[in-house]
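Inspection log for the structure reproduced underneath, given as structure tokens.
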Amino acid sequence: MKNFEKVLLHTNDAQIKNELGFYLPKQKYFQEYLNKYALLCLKPLEAKDLNPLFDNPKAFLTQQITHGESLNIGGLKMNPEKLFEIIEKPVGTDELINQIITDKASQQIASQNHWFTDSFVIGNNNNLEVCQKVKQHIHEKCSLYVENEKQTEAIKLLEEISEKMTRINELKTSGNITPDDLFETLLTFKDSKFAPKLTCVNLFK
């Protein structure tokens, strides 16, 4: 049996916009930190650097300042924490690290923002964006698909009914046919079958 390829039936753009709106305050929060990072004049951040920056800001910034190079003394590699203490750092580095650590200590700030670092990617010029995976998830959540042959046939028949109902409405002598009229005036349902109510002819003169 041939696999059915689902077909997009409808996308709720208003719902997508509303779902993405959930991430706007978090995006603004992180962007403020990325702007502060830019003032340090270090190498540009890469797409997935948001998580390591907020997970361990001291270790991450040490790596950025040293370009990932390590310092060996007497054949022994210096601990990154110790290395951070002796290297020359751009003005504002300590302040940035301390602000992130202070925020992480706040349960409210951490739950509202830091838990969502994986939801973003860093683009050009340190501009933060909602990642494609999240966007795709939201799009799928807010989209309706026809997923089998029965659904395809049902939608086709309903479209035909809709066209016929529109034409019937045009034939009505006065006023419009309301949803209530459909079963109270136009149709009857008996013995598991639909049939027209013959008295409805009086609507069309």
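Please note that chains go A, B, ... in the order of the structure tokens, that every chain numbers its residues from 1, and that ligands are numbered from 1 in the order shown.
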Shell around region 138-149 of chain A at 12 Å using only C-alpha atoms, local window under 5 positions removed, as JSON, numbers by chain: {"A": [2, 3, 4, 5, 6, 7, 8, 9, 10, 11, 12, 13, 14, 15, 16, 17, 18, 19, 20, 21, 22, 23, 119, 130, 131, 132, 133, 154, 155, 156]}
Which residues, written as a PDB file with all heavy atoms, in the first residue's frame, have at least one atom at most 10 Å from region 56-62 of chain A, with only C-alpha atoms counted and residues fewer than 3 positions away on the same chain left out?
```
ATOM      1  N   TYR A  37      28.408  42.002  25.654  1.00  0.00           N
ATOM      2  CA  TYR A  37      29.546  41.205  25.186  1.00  0.00           C
ATOM      3  C   TYR A  37      30.237  41.900  24.018  1.00  0.00           C
ATOM      4  O   TYR A  37      31.477  41.924  23.934  1.00  0.00           O
ATOM      5  CB  TYR A  37      29.079  39.811  24.762  1.00  0.00           C
ATOM      6  CG  TYR A  37      30.173  38.984  24.111  1.00  0.00           C
ATOM      7  CD1 TYR A  37      31.025  38.205  24.872  1.00  0.00           C
ATOM      8  CD2 TYR A  37      30.354  39.022  22.720  1.00  0.00           C
ATOM      9  CE1 TYR A  37      32.047  37.470  24.276  1.00  0.00           C
ATOM     10  CE2 TYR A  37      31.370  38.298  22.127  1.00  0.00           C
ATOM     11  CZ  TYR A  37      32.213  37.526  22.902  1.00  0.00           C
ATOM     12  OH  TYR A  37      33.216  36.813  22.310  1.00  0.00           O
ATOM     13  N   LEU A  42      35.664  41.264  21.723  1.00  0.00           N
ATOM     14  CA  LEU A  42      36.247  39.938  21.559  1.00  0.00           C
ATOM     15  C   LEU A  42      35.788  39.359  20.218  1.00  0.00           C
ATOM     16  O   LEU A  42      35.037  40.000  19.484  1.00  0.00           O
ATOM     17  CB  LEU A  42      35.819  39.031  22.714  1.00  0.00           C
ATOM     18  CG  LEU A  42      36.242  39.500  24.110  1.00  0.00           C
ATOM     19  CD1 LEU A  42      35.650  38.590  25.178  1.00  0.00           C
ATOM     20  CD2 LEU A  42      37.766  39.533  24.221  1.00  0.00           C
ATOM     21  N   ASP A  49      26.651  29.677  20.824  1.00  0.00           N
ATOM     22  CA  ASP A  49      27.445  30.122  21.974  1.00  0.00           C
ATOM     23  C   ASP A  49      26.609  30.634  23.147  1.00  0.00           C
ATOM     24  O   ASP A  49      27.158  30.866  24.239  1.00  0.00           O
ATOM     25  CB  ASP A  49      28.417  31.233  21.555  1.00  0.00           C
ATOM     26  CG  ASP A  49      29.673  30.674  20.900  1.00  0.00           C
ATOM     27  OD1 ASP A  49      29.902  29.449  21.012  1.00  0.00           O
ATOM     28  OD2 ASP A  49      30.411  31.457  20.267  1.00  0.00           O
ATOM     29  N   LEU A  50      25.309  30.827  22.957  1.00  0.00           N
ATOM     30  CA  LEU A  50      24.496  31.373  24.045  1.00  0.00           C
ATOM     31  C   LEU A  50      24.495  30.441  25.253  1.00  0.00           C
ATOM     32  O   LEU A  50      24.628  30.891  26.398  1.00  0.00           O
ATOM     33  CB  LEU A  50      23.059  31.620  23.569  1.00  0.00           C
ATOM     34  CG  LEU A  50      22.172  32.406  24.545  1.00  0.00           C
ATOM     35  CD1 LEU A  50      22.650  33.847  24.663  1.00  0.00           C
ATOM     36  CD2 LEU A  50      20.710  32.376  24.091  1.00  0.00           C
ATOM     37  N   ASN A  51      24.355  29.156  24.999  1.00  0.00           N
ATOM     38  CA  ASN A  51      24.298  28.181  26.097  1.00  0.00           C
ATOM     39  C   ASN A  51      25.583  28.164  26.916  1.00  0.00           C
ATOM     40  O   ASN A  51      25.534  28.307  28.149  1.00  0.00           O
ATOM     41  CB  ASN A  51      23.985  26.784  25.534  1.00  0.00           C
ATOM     42  CG  ASN A  51      23.512  25.829  26.609  1.00  0.00           C
ATOM     43  OD1 ASN A  51      24.074  25.783  27.694  1.00  0.00           O
ATOM     44  ND2 ASN A  51      22.484  25.058  26.309  1.00  0.00           N
ATOM     45  N   PRO A  52      26.769  27.996  26.299  1.00  0.00           N
ATOM     46  CA  PRO A  52      28.004  27.982  27.113  1.00  0.00           C
ATOM     47  C   PRO A  52      28.279  29.316  27.805  1.00  0.00           C
ATOM     48  O   PRO A  52      28.836  29.333  28.904  1.00  0.00           O
ATOM     49  CB  PRO A  52      29.096  27.635  26.099  1.00  0.00           C
ATOM     50  CG  PRO A  52      28.511  27.905  24.765  1.00  0.00           C
ATOM     51  CD  PRO A  52      27.042  27.656  24.896  1.00  0.00           C
ATOM     52  N   LEU A  53      27.867  30.441  27.180  1.00  0.00           N
ATOM     53  CA  LEU A  53      28.071  31.738  27.810  1.00  0.00           C
ATOM     54  C   LEU A  53      27.318  31.833  29.123  1.00  0.00           C
ATOM     55  O   LEU A  53      27.853  32.312  30.131  1.00  0.00           O
ATOM     56  CB  LEU A  53      27.627  32.858  26.866  1.00  0.00           C
ATOM     57  CG  LEU A  53      27.561  34.272  27.467  1.00  0.00           C
ATOM     58  CD1 LEU A  53      28.941  34.705  27.973  1.00  0.00           C
ATOM     59  CD2 LEU A  53      27.020  35.259  26.446  1.00  0.00           C
ATOM     60  N   ILE A  65      38.814  35.081  25.261  1.00  0.00           N
ATOM     61  CA  ILE A  65      39.946  36.007  25.386  1.00  0.00           C
ATOM     62  C   ILE A  65      41.252  35.365  24.924  1.00  0.00           C
ATOM     63  O   ILE A  65      42.086  35.998  24.272  1.00  0.00           O
ATOM     64  CB  ILE A  65      40.079  36.498  26.851  1.00  0.00           C
ATOM     65  CG1 ILE A  65      38.840  37.338  27.230  1.00  0.00           C
ATOM     66  CG2 ILE A  65      41.352  37.317  27.044  1.00  0.00           C
ATOM     67  CD1 ILE A  65      38.734  37.651  28.711  1.00  0.00           C
ATOM     68  N   THR A  66      41.417  34.082  25.272  1.00  0.00           N
ATOM     69  CA  THR A  66      42.669  33.383  24.936  1.00  0.00           C
ATOM     70  C   THR A  66      42.593  32.675  23.584  1.00  0.00           C
ATOM     71  O   THR A  66      43.561  32.026  23.189  1.00  0.00           O
ATOM     72  CB  THR A  66      42.989  32.336  26.016  1.00  0.00           C
ATOM     73  OG1 THR A  66      41.931  31.362  26.065  1.00  0.00           O
ATOM     74  CG2 THR A  66      43.142  32.982  27.376  1.00  0.00           C
ATOM     75  N   HIS A  67      41.425  32.789  22.908  1.00  0.00           N
ATOM     76  CA  HIS A  67      41.213  32.099  21.627  1.00  0.00           C
ATOM     77  C   HIS A  67      41.392  30.587  21.767  1.00  0.00           C
ATOM     78  O   HIS A  67      41.842  29.910  20.835  1.00  0.00           O
ATOM     79  CB  HIS A  67      42.156  32.638  20.548  1.00  0.00           C
ATOM     80  CG  HIS A  67      41.937  34.090  20.240  1.00  0.00           C
ATOM     81  ND1 HIS A  67      40.989  34.527  19.343  1.00  0.00           N
ATOM     82  CD2 HIS A  67      42.531  35.207  20.733  1.00  0.00           C
ATOM     83  CE1 HIS A  67      41.005  35.853  19.278  1.00  0.00           C
ATOM     84  NE2 HIS A  67      41.927  36.293  20.125  1.00  0.00           N
ATOM     85  N   GLY A  68      41.056  30.089  22.938  1.00  0.00           N
ATOM     86  CA  GLY A  68      41.106  28.653  23.169  1.00  0.00           C
ATOM     87  C   GLY A  68      42.484  28.104  23.448  1.00  0.00           C
ATOM     88  O   GLY A  68      42.659  26.891  23.632  1.00  0.00           O
ATOM     89  N   GLU A  69      43.478  28.981  23.495  1.00  0.00           N
ATOM     90  CA  GLU A  69      44.840  28.514  23.765  1.00  0.00           C
ATOM     91  C   GLU A  69      45.031  28.300  25.260  1.00  0.00           C
ATOM     92  O   GLU A  69      44.466  29.013  26.082  1.00  0.00           O
ATOM     93  CB  GLU A  69      45.852  29.533  23.248  1.00  0.00           C
ATOM     94  CG  GLU A  69      45.800  29.739  21.743  1.00  0.00           C
ATOM     95  CD  GLU A  69      46.782  30.794  21.279  1.00  0.00           C
ATOM     96  OE1 GLU A  69      47.536  31.309  22.130  1.00  0.00           O
ATOM     97  OE2 GLU A  69      46.784  31.104  20.071  1.00  0.00           O
ATOM     98  N   SER A  70      45.824  27.294  25.608  1.00  0.00           N
ATOM     99  CA  SER A  70      46.084  26.989  27.011  1.00  0.00           C
ATOM    100  C   SER A  70      47.489  27.461  27.400  1.00  0.00           C
ATOM    101  O   SER A  70      48.347  27.675  26.539  1.00  0.00           O
ATOM    102  CB  SER A  70      45.952  25.481  27.270  1.00  0.00           C
ATOM    103  OG  SER A  70      46.869  24.765  26.465  1.00  0.00           O
ATOM    104  N   PRO A  80      41.770  26.617  33.876  1.00  0.00           N
ATOM    105  CA  PRO A  80      41.123  27.806  33.295  1.00  0.00           C
ATOM    106  C   PRO A  80      40.732  28.852  34.333  1.00  0.00           C
ATOM    107  O   PRO A  80      40.789  30.060  34.057  1.00  0.00           O
ATOM    108  CB  PRO A  80      39.878  27.220  32.610  1.00  0.00           C
ATOM    109  CG  PRO A  80      40.252  25.817  32.298  1.00  0.00           C
ATOM    110  CD  PRO A  80      41.129  25.379  33.431  1.00  0.00           C
ATOM    111  N   GLU A  81      40.326  28.406  35.531  1.00  0.00           N
ATOM    112  CA  GLU A  81      39.955  29.347  36.584  1.00  0.00           C
ATOM    113  C   GLU A  81      41.172  30.184  37.007  1.00  0.00           C
ATOM    114  O   GLU A  81      41.064  31.400  37.211  1.00  0.00           O
ATOM    115  CB  GLU A  81      39.399  28.586  37.794  1.00  0.00           C
ATOM    116  CG  GLU A  81      38.098  27.834  37.524  1.00  0.00           C
ATOM    117  CD  GLU A  81      36.907  28.774  37.411  1.00  0.00           C
ATOM    118  OE1 GLU A  81      36.939  29.848  38.030  1.00  0.00           O
ATOM    119  OE2 GLU A  81      35.949  28.432  36.689  1.00  0.00           O
ATOM    120  N   LEU A  83      43.852  30.624  35.131  1.00  0.00           N
ATOM    121  CA  LEU A  83      44.260  31.389  33.963  1.00  0.00           C
ATOM    122  C   LEU A  83      43.462  32.684  33.871  1.00  0.00           C
ATOM    123  O   LEU A  83      44.017  33.739  33.530  1.00  0.00           O
ATOM    124  CB  LEU A  83      44.055  30.548  32.705  1.00  0.00           C
ATOM    125  CG  LEU A  83      44.436  31.190  31.363  1.00  0.00           C
ATOM    126  CD1 LEU A  83      45.914  31.581  31.366  1.00  0.00           C
ATOM    127  CD2 LEU A  83      44.145  30.225  30.215  1.00  0.00           C
ATOM    128  N   PHE A  84      42.197  32.605  34.208  1.00  0.00           N
ATOM    129  CA  PHE A  84      41.340  33.789  34.144  1.00  0.00           C
ATOM    130  C   PHE A  84      41.858  34.886  35.068  1.00  0.00           C
ATOM    131  O   PHE A  84      41.761  36.074  34.747  1.00  0.00           O
ATOM    132  CB  PHE A  84      39.902  33.409  34.532  1.00  0.00           C
ATOM    133  CG  PHE A  84      38.951  34.573  34.518  1.00  0.00           C
ATOM    134  CD1 PHE A  84      38.360  34.990  33.338  1.00  0.00           C
ATOM    135  CD2 PHE A  84      38.651  35.257  35.690  1.00  0.00           C
ATOM    136  CE1 PHE A  84      37.482  36.070  33.320  1.00  0.00           C
ATOM    137  CE2 PHE A  84      37.775  36.338  35.686  1.00  0.00           C
ATOM    138  CZ  PHE A  84      37.197  36.741  34.491  1.00  0.00           C
ATOM    139  N   GLU A  85      42.400  34.490  36.206  1.00  0.00           N
ATOM    140  CA  GLU A  85      42.845  35.464  37.201  1.00  0.00           C
ATOM    141  C   GLU A  85      44.079  36.241  36.751  1.00  0.00           C
ATOM    142  O   GLU A  85      44.284  37.381  37.174  1.00  0.00           O
ATOM    143  CB  GLU A  85      43.141  34.760  38.536  1.00  0.00           C
ATOM    144  CG  GLU A  85      41.941  34.023  39.133  1.00  0.00           C
ATOM    145  CD  GLU A  85      40.753  34.923  39.406  1.00  0.00           C
ATOM    146  OE1 GLU A  85      40.973  36.114  39.700  1.00  0.00           O
ATOM    147  OE2 GLU A  85      39.608  34.436  39.298  1.00  0.00           O
ATOM    148  N   ILE A  87      45.197  36.602  33.304  1.00  0.00           N
ATOM    149  CA  ILE A  87      45.199  37.197  31.965  1.00  0.00           C
ATOM    150  C   ILE A  87      44.631  38.608  32.012  1.00  0.00           C
ATOM    151  O   ILE A  87      43.849  38.960  32.894  1.00  0.00           O
ATOM    152  CB  ILE A  87      44.390  36.347  30.956  1.00  0.00           C
ATOM    153  CG1 ILE A  87      42.929  36.222  31.411  1.00  0.00           C
ATOM    154  CG2 ILE A  87      45.020  34.997  30.738  1.00  0.00           C
ATOM    155  CD1 ILE A  87      42.039  35.497  30.421  1.00  0.00           C
ATOM    156  N   LYS A  89      42.161  41.273  30.900  1.00  0.00           N
ATOM    157  CA  LYS A  89      40.791  41.158  30.412  1.00  0.00           C
ATOM    158  C   LYS A  89      40.264  42.519  29.965  1.00  0.00           C
ATOM    159  O   LYS A  89      40.620  43.552  30.555  1.00  0.00           O
ATOM    160  CB  LYS A  89      39.880  40.595  31.518  1.00  0.00           C
ATOM    161  CG  LYS A  89      40.274  39.207  31.990  1.00  0.00           C
ATOM    162  CD  LYS A  89      39.426  38.729  33.135  1.00  0.00           C
ATOM    163  CE  LYS A  89      39.809  39.395  34.459  1.00  0.00           C
ATOM    164  NZ  LYS A  89      41.134  38.982  34.938  1.00  0.00           N
ATOM    165  N   THR A  93      34.551  42.910  31.584  1.00  0.00           N
ATOM    166  CA  THR A  93      34.452  41.443  31.612  1.00  0.00           C
ATOM    167  C   THR A  93      33.930  40.940  32.953  1.00  0.00           C
ATOM    168  O   THR A  93      32.993  40.125  33.003  1.00  0.00           O
ATOM    169  CB  THR A  93      35.826  40.802  31.338  1.00  0.00           C
ATOM    170  OG1 THR A  93      36.309  41.234  30.068  1.00  0.00           O
ATOM    171  CG2 THR A  93      35.723  39.281  31.347  1.00  0.00           C
ATOM    172  N   ASP A  94      34.520  41.394  34.039  1.00  0.00           N
ATOM    173  CA  ASP A  94      34.084  40.939  35.367  1.00  0.00           C
ATOM    174  C   ASP A  94      32.639  41.311  35.634  1.00  0.00           C
ATOM    175  O   ASP A  94      31.876  40.519  36.208  1.00  0.00           O
ATOM    176  CB  ASP A  94      34.987  41.537  36.452  1.00  0.00           C
ATOM    177  CG  ASP A  94      36.382  40.932  36.457  1.00  0.00           C
ATOM    178  OD1 ASP A  94      36.495  39.737  36.145  1.00  0.00           O
ATOM    179  OD2 ASP A  94      37.342  41.666  36.752  1.00  0.00           O
ATOM    180  N   LEU A  96      30.222  41.713  33.471  1.00  0.00           N
ATOM    181  CA  LEU A  96      29.343  40.852  32.685  1.00  0.00           C
ATOM    182  C   LEU A  96      29.185  39.488  33.337  1.00  0.00           C
ATOM    183  O   LEU A  96      28.071  38.967  33.477  1.00  0.00           O
ATOM    184  CB  LEU A  96      29.905  40.698  31.267  1.00  0.00           C
ATOM    185  CG  LEU A  96      29.132  39.774  30.320  1.00  0.00           C
ATOM    186  CD1 LEU A  96      27.694  40.246  30.160  1.00  0.00           C
ATOM    187  CD2 LEU A  96      29.823  39.690  28.967  1.00  0.00           C
ATOM    188  N   ILE A  97      30.309  38.916  33.767  1.00  0.00           N
ATOM    189  CA  ILE A  97      30.272  37.604  34.416  1.00  0.00           C
ATOM    190  C   ILE A  97      29.451  37.654  35.700  1.00  0.00           C
ATOM    191  O   ILE A  97      28.596  36.782  35.947  1.00  0.00           O
ATOM    192  CB  ILE A  97      31.706  37.121  34.723  1.00  0.00           C
ATOM    193  CG1 ILE A  97      32.434  36.811  33.422  1.00  0.00           C
ATOM    194  CG2 ILE A  97      31.689  35.891  35.631  1.00  0.00           C
ATOM    195  CD1 ILE A  97      33.908  36.526  33.595  1.00  0.00           C
ATOM    196  N   ASN A  98      29.689  38.660  36.517  1.00  0.00           N
ATOM    197  CA  ASN A  98      28.986  38.765  37.797  1.00  0.00           C
ATOM    198  C   ASN A  98      27.482  38.960  37.612  1.00  0.00           C
ATOM    199  O   ASN A  98      26.685  38.434  38.397  1.00  0.00           O
ATOM    200  CB  ASN A  98      29.569  39.910  38.623  1.00  0.00           C
ATOM    201  CG  ASN A  98      30.979  39.614  39.102  1.00  0.00           C
ATOM    202  OD1 ASN A  98      31.353  38.451  39.259  1.00  0.00           O
ATOM    203  ND2 ASN A  98      31.773  40.658  39.333  1.00  0.00           N
ATOM    204  N   GLN A  99      27.101  39.702  36.584  1.00  0.00           N
ATOM    205  CA  GLN A  99      25.670  39.909  36.326  1.00  0.00           C
ATOM    206  C   GLN A  99      24.989  38.596  35.936  1.00  0.00           C
ATOM    207  O   GLN A  99      23.875  38.302  36.384  1.00  0.00           O
ATOM    208  CB  GLN A  99      25.483  40.949  35.221  1.00  0.00           C
ATOM    209  CG  GLN A  99      25.751  42.376  35.670  1.00  0.00           C
ATOM    210  CD  GLN A  99      25.590  43.376  34.532  1.00  0.00           C
ATOM    211  OE1 GLN A  99      25.151  43.037  33.447  1.00  0.00           O
ATOM    212  NE2 GLN A  99      25.957  44.617  34.794  1.00  0.00           N
ATOM    213  N   ILE A 100      25.662  37.823  35.102  1.00  0.00           N
ATOM    214  CA  ILE A 100      25.091  36.531  34.702  1.00  0.00           C
ATOM    215  C   ILE A 100      24.969  35.600  35.907  1.00  0.00           C
ATOM    216  O   ILE A 100      23.942  34.936  36.104  1.00  0.00           O
ATOM    217  CB  ILE A 100      25.947  35.871  33.597  1.00  0.00           C
ATOM    218  CG1 ILE A 100      25.856  36.686  32.305  1.00  0.00           C
ATOM    219  CG2 ILE A 100      25.482  34.432  33.350  1.00  0.00           C
ATOM    220  CD1 ILE A 100      26.733  36.164  31.188  1.00  0.00           C
ATOM    221  N   ILE A 101      26.012  35.549  36.728  1.00  0.00           N
ATOM    222  CA  ILE A 101      25.989  34.680  37.911  1.00  0.00           C
ATOM    223  C   ILE A 101      24.891  35.106  38.876  1.00  0.00           C
ATOM    224  O   ILE A 101      24.179  34.266  39.450  1.00  0.00           O
ATOM    225  CB  ILE A 101      27.364  34.704  38.609  1.00  0.00           C
ATOM    226  CG1 ILE A 101      28.412  34.032  37.716  1.00  0.00           C
ATOM    227  CG2 ILE A 101      27.304  34.005  39.964  1.00  0.00           C
ATOM    228  CD1 ILE A 101      29.831  34.123  38.241  1.00  0.00           C
TER     229      ILE A 101
END
```
Region 126-164 of chain A: residues DSSP assigns to alpha helix (DSSP H), reported as a PyMOL selection string: chain A and resi 132-141+149-164
Save out the residues we just selected, N, CA and C atoms, as a PDB file, in the first residue's frame.
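Just written: part-v2.pdb:
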```pdb
ATOM      1  N   GLN A 132      15.605  27.577  14.447  1.00  0.00           N
ATOM      2  CA  GLN A 132      14.734  26.979  13.442  1.00  0.00           C
ATOM      3  C   GLN A 132      13.928  25.814  14.010  1.00  0.00           C
ATOM      4  N   LYS A 133      14.518  25.060  14.919  1.00  0.00           N
ATOM      5  CA  LYS A 133      13.821  23.918  15.507  1.00  0.00           C
ATOM      6  C   LYS A 133      12.569  24.361  16.252  1.00  0.00           C
ATOM      7  N   VAL A 134      12.679  25.444  17.018  1.00  0.00           N
ATOM      8  CA  VAL A 134      11.520  25.967  17.745  1.00  0.00           C
ATOM      9  C   VAL A 134      10.477  26.512  16.772  1.00  0.00           C
ATOM     10  N   LYS A 135      10.943  27.249  15.764  1.00  0.00           N
ATOM     11  CA  LYS A 135      10.021  27.799  14.767  1.00  0.00           C
ATOM     12  C   LYS A 135       9.257  26.681  14.059  1.00  0.00           C
ATOM     13  N   GLN A 136       9.974  25.616  13.704  1.00  0.00           N
ATOM     14  CA  GLN A 136       9.346  24.493  13.020  1.00  0.00           C
ATOM     15  C   GLN A 136       8.324  23.801  13.913  1.00  0.00           C
ATOM     16  N   HIS A 137       8.681  23.642  15.198  1.00  0.00           N
ATOM     17  CA  HIS A 137       7.753  23.019  16.141  1.00  0.00           C
ATOM     18  C   HIS A 137       6.462  23.834  16.260  1.00  0.00           C
ATOM     19  N   ILE A 138       6.608  25.151  16.356  1.00  0.00           N
ATOM     20  CA  ILE A 138       5.444  26.026  16.468  1.00  0.00           C
ATOM     21  C   ILE A 138       4.611  25.965  15.195  1.00  0.00           C
ATOM     22  N   HIS A 139       5.287  25.981  14.056  1.00  0.00           N
ATOM     23  CA  HIS A 139       4.571  25.936  12.775  1.00  0.00           C
ATOM     24  C   HIS A 139       3.762  24.647  12.660  1.00  0.00           C
ATOM     25  N   GLU A 140       4.368  23.521  13.045  1.00  0.00           N
ATOM     26  CA  GLU A 140       3.664  22.242  12.981  1.00  0.00           C
ATOM     27  C   GLU A 140       2.481  22.223  13.953  1.00  0.00           C
ATOM     28  N   LYS A 141       2.706  22.765  15.133  1.00  0.00           N
ATOM     29  CA  LYS A 141       1.665  22.805  16.156  1.00  0.00           C
ATOM     30  C   LYS A 141       0.461  23.614  15.695  1.00  0.00           C
ATOM     31  N   GLU A 149      -6.625   9.142   3.141  1.00  0.00           N
ATOM     32  CA  GLU A 149      -7.556   9.219   2.016  1.00  0.00           C
ATOM     33  C   GLU A 149      -8.970   9.596   2.456  1.00  0.00           C
ATOM     34  N   LYS A 150      -9.390   9.096   3.625  1.00  0.00           N
ATOM     35  CA  LYS A 150     -10.731   9.421   4.118  1.00  0.00           C
ATOM     36  C   LYS A 150     -10.873  10.921   4.366  1.00  0.00           C
ATOM     37  N   GLN A 151      -9.847  11.487   4.972  1.00  0.00           N
ATOM     38  CA  GLN A 151      -9.887  12.925   5.238  1.00  0.00           C
ATOM     39  C   GLN A 151      -9.916  13.714   3.934  1.00  0.00           C
ATOM     40  N   THR A 152      -9.153  13.252   2.945  1.00  0.00           N
ATOM     41  CA  THR A 152      -9.134  13.912   1.644  1.00  0.00           C
ATOM     42  C   THR A 152     -10.517  13.908   1.015  1.00  0.00           C
ATOM     43  N   GLU A 153     -11.161  12.746   1.041  1.00  0.00           N
ATOM     44  CA  GLU A 153     -12.498  12.637   0.446  1.00  0.00           C
ATOM     45  C   GLU A 153     -13.510  13.467   1.223  1.00  0.00           C
ATOM     46  N   ALA A 154     -13.408  13.445   2.563  1.00  0.00           N
ATOM     47  CA  ALA A 154     -14.358  14.186   3.390  1.00  0.00           C
ATOM     48  C   ALA A 154     -14.266  15.686   3.118  1.00  0.00           C
ATOM     49  N   ILE A 155     -13.030  16.210   3.038  1.00  0.00           N
ATOM     50  CA  ILE A 155     -12.856  17.638   2.770  1.00  0.00           C
ATOM     51  C   ILE A 155     -13.400  17.987   1.384  1.00  0.00           C
ATOM     52  N   LYS A 156     -13.159  17.120   0.409  1.00  0.00           N
ATOM     53  CA  LYS A 156     -13.644  17.370  -0.944  1.00  0.00           C
ATOM     54  C   LYS A 156     -15.174  17.426  -0.968  1.00  0.00           C
ATOM     55  N   LEU A 157     -15.809  16.484  -0.282  1.00  0.00           N
ATOM     56  CA  LEU A 157     -17.275  16.452  -0.246  1.00  0.00           C
ATOM     57  C   LEU A 157     -17.824  17.684   0.477  1.00  0.00           C
ATOM     58  N   LEU A 158     -17.160  18.074   1.579  1.00  0.00           N
ATOM     59  CA  LEU A 158     -17.609  19.258   2.318  1.00  0.00           C
ATOM     60  C   LEU A 158     -17.456  20.524   1.492  1.00  0.00           C
ATOM     61  N   GLU A 159     -16.412  20.567   0.677  1.00  0.00           N
ATOM     62  CA  GLU A 159     -16.241  21.718  -0.211  1.00  0.00           C
ATOM     63  C   GLU A 159     -17.370  21.767  -1.238  1.00  0.00           C
ATOM     64  N   GLU A 160     -17.759  20.587  -1.737  1.00  0.00           N
ATOM     65  CA  GLU A 160     -18.862  20.525  -2.698  1.00  0.00           C
ATOM     66  C   GLU A 160     -20.168  20.959  -2.034  1.00  0.00           C
ATOM     67  N   ILE A 161     -20.355  20.496  -0.791  1.00  0.00           N
ATOM     68  CA  ILE A 161     -21.560  20.895  -0.050  1.00  0.00           C
ATOM     69  C   ILE A 161     -21.568  22.406   0.174  1.00  0.00           C
ATOM     70  N   SER A 162     -20.411  22.952   0.510  1.00  0.00           N
ATOM     71  CA  SER A 162     -20.315  24.391   0.749  1.00  0.00           C
ATOM     72  C   SER A 162     -20.676  25.182  -0.497  1.00  0.00           C
ATOM     73  N   GLU A 163     -20.183  24.726  -1.641  1.00  0.00           N
ATOM     74  CA  GLU A 163     -20.501  25.403  -2.899  1.00  0.00           C
ATOM     75  C   GLU A 163     -22.002  25.344  -3.190  1.00  0.00           C
ATOM     76  N   LYS A 164     -22.586  24.169  -2.939  1.00  0.00           N
ATOM     77  CA  LYS A 164     -24.024  24.004  -3.196  1.00  0.00           C
ATOM     78  C   LYS A 164     -24.854  24.841  -2.223  1.00  0.00           C
TER      79      LYS A 164
END
```
Using only C-alpha atoms: which of A:Leu39, A:Leu128, A:Val91, A:Ala47 has the shortest distance to Gln27 (chain A):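 So, comparing all the options, the nearest one is A:Leu128.
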Length of the CA of Asp191 (chain A) to CA of Met165 (chain A) vector [Å]: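 About the pair CA of Asp191 (chain A) and CA of Met165 (chain A): they are 22.9 Å apart.
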Distance query Glu46 (chain A) at most 8 Å, only C-alpha atoms, self and fewer than 2 positions along chain excluded, as a list in words: Pro44, Lys48, Asp49, Ile122 and Gly123 of chain A
Filtering to C-alpha atoms, could you give me those residues as a short mmCIF file (atom, residue, chain, number, x, y, z; two decimals), in the first residue's frame?
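Once everything was written out, this is out-v3.cif:
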```
data_model
loop_
_atom_site.label_atom_id
_atom_site.label_comp_id
_atom_site.auth_asym_id
_atom_site.auth_seq_id
_atom_site.Cartn_x
_atom_site.Cartn_y
_atom_site.Cartn_z
CA PRO A 44 32.27 37.28 17.27
CA LYS A 48 25.34 28.06 19.55
CA ASP A 49 27.45 30.12 21.97
CA ILE A 122 23.15 33.87 17.49
CA GLY A 123 23.14 35.37 14.02
#
```
Atom-to-atom span, CA of Leu40 (chain A) and CA of Asn113 (chain A), Å: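 Taking CA of Leu40 (chain A) and CA of Asn113 (chain A), their separation equals 22.7 Å.
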Using only C-alpha atoms, I'd like a table of the residues in region 97-186 of chain A that come within 6 Å of region 195-205 of chain A; for each, show the closest atom pair and its distance in Å rounded to one decimal, ordered by chain and ascending number, as CSV.
```
residue,atom,partner,partner_atom,distance
A:Lys172,CA,A:Phe204,CA,4.9
A:Thr173,CA,A:Phe204,CA,5.1
A:Thr185,CA,A:Cys200,CA,6.0
A:Leu186,CA,A:Lys197,CA,5.3
```
Any chance you can output those residues with N, CA and C atoms as an mmCIF file, in the first residue's frame?
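Just written: result-v6.cif:
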```
data_model
loop_
_atom_site.group_PDB
_atom_site.id
_atom_site.type_symbol
_atom_site.label_atom_id
_atom_site.label_comp_id
_atom_site.auth_asym_id
_atom_site.auth_seq_id
_atom_site.Cartn_x
_atom_site.Cartn_y
_atom_site.Cartn_z
ATOM 1 N N LYS A 172 -32.480 31.670 -2.424
ATOM 2 C CA LYS A 172 -33.484 32.006 -1.415
ATOM 3 C C LYS A 172 -34.109 33.365 -1.720
ATOM 4 N N THR A 173 -35.412 33.441 -1.590
ATOM 5 C CA THR A 173 -36.158 34.633 -1.992
ATOM 6 C C THR A 173 -35.777 35.862 -1.180
ATOM 7 N N THR A 185 -34.861 23.629 8.810
ATOM 8 C CA THR A 185 -35.680 24.012 7.663
ATOM 9 C C THR A 185 -35.338 23.258 6.383
ATOM 10 N N LEU A 186 -34.055 23.006 6.139
ATOM 11 C CA LEU A 186 -33.652 22.464 4.844
ATOM 12 C C LEU A 186 -33.499 20.950 4.810
#
```
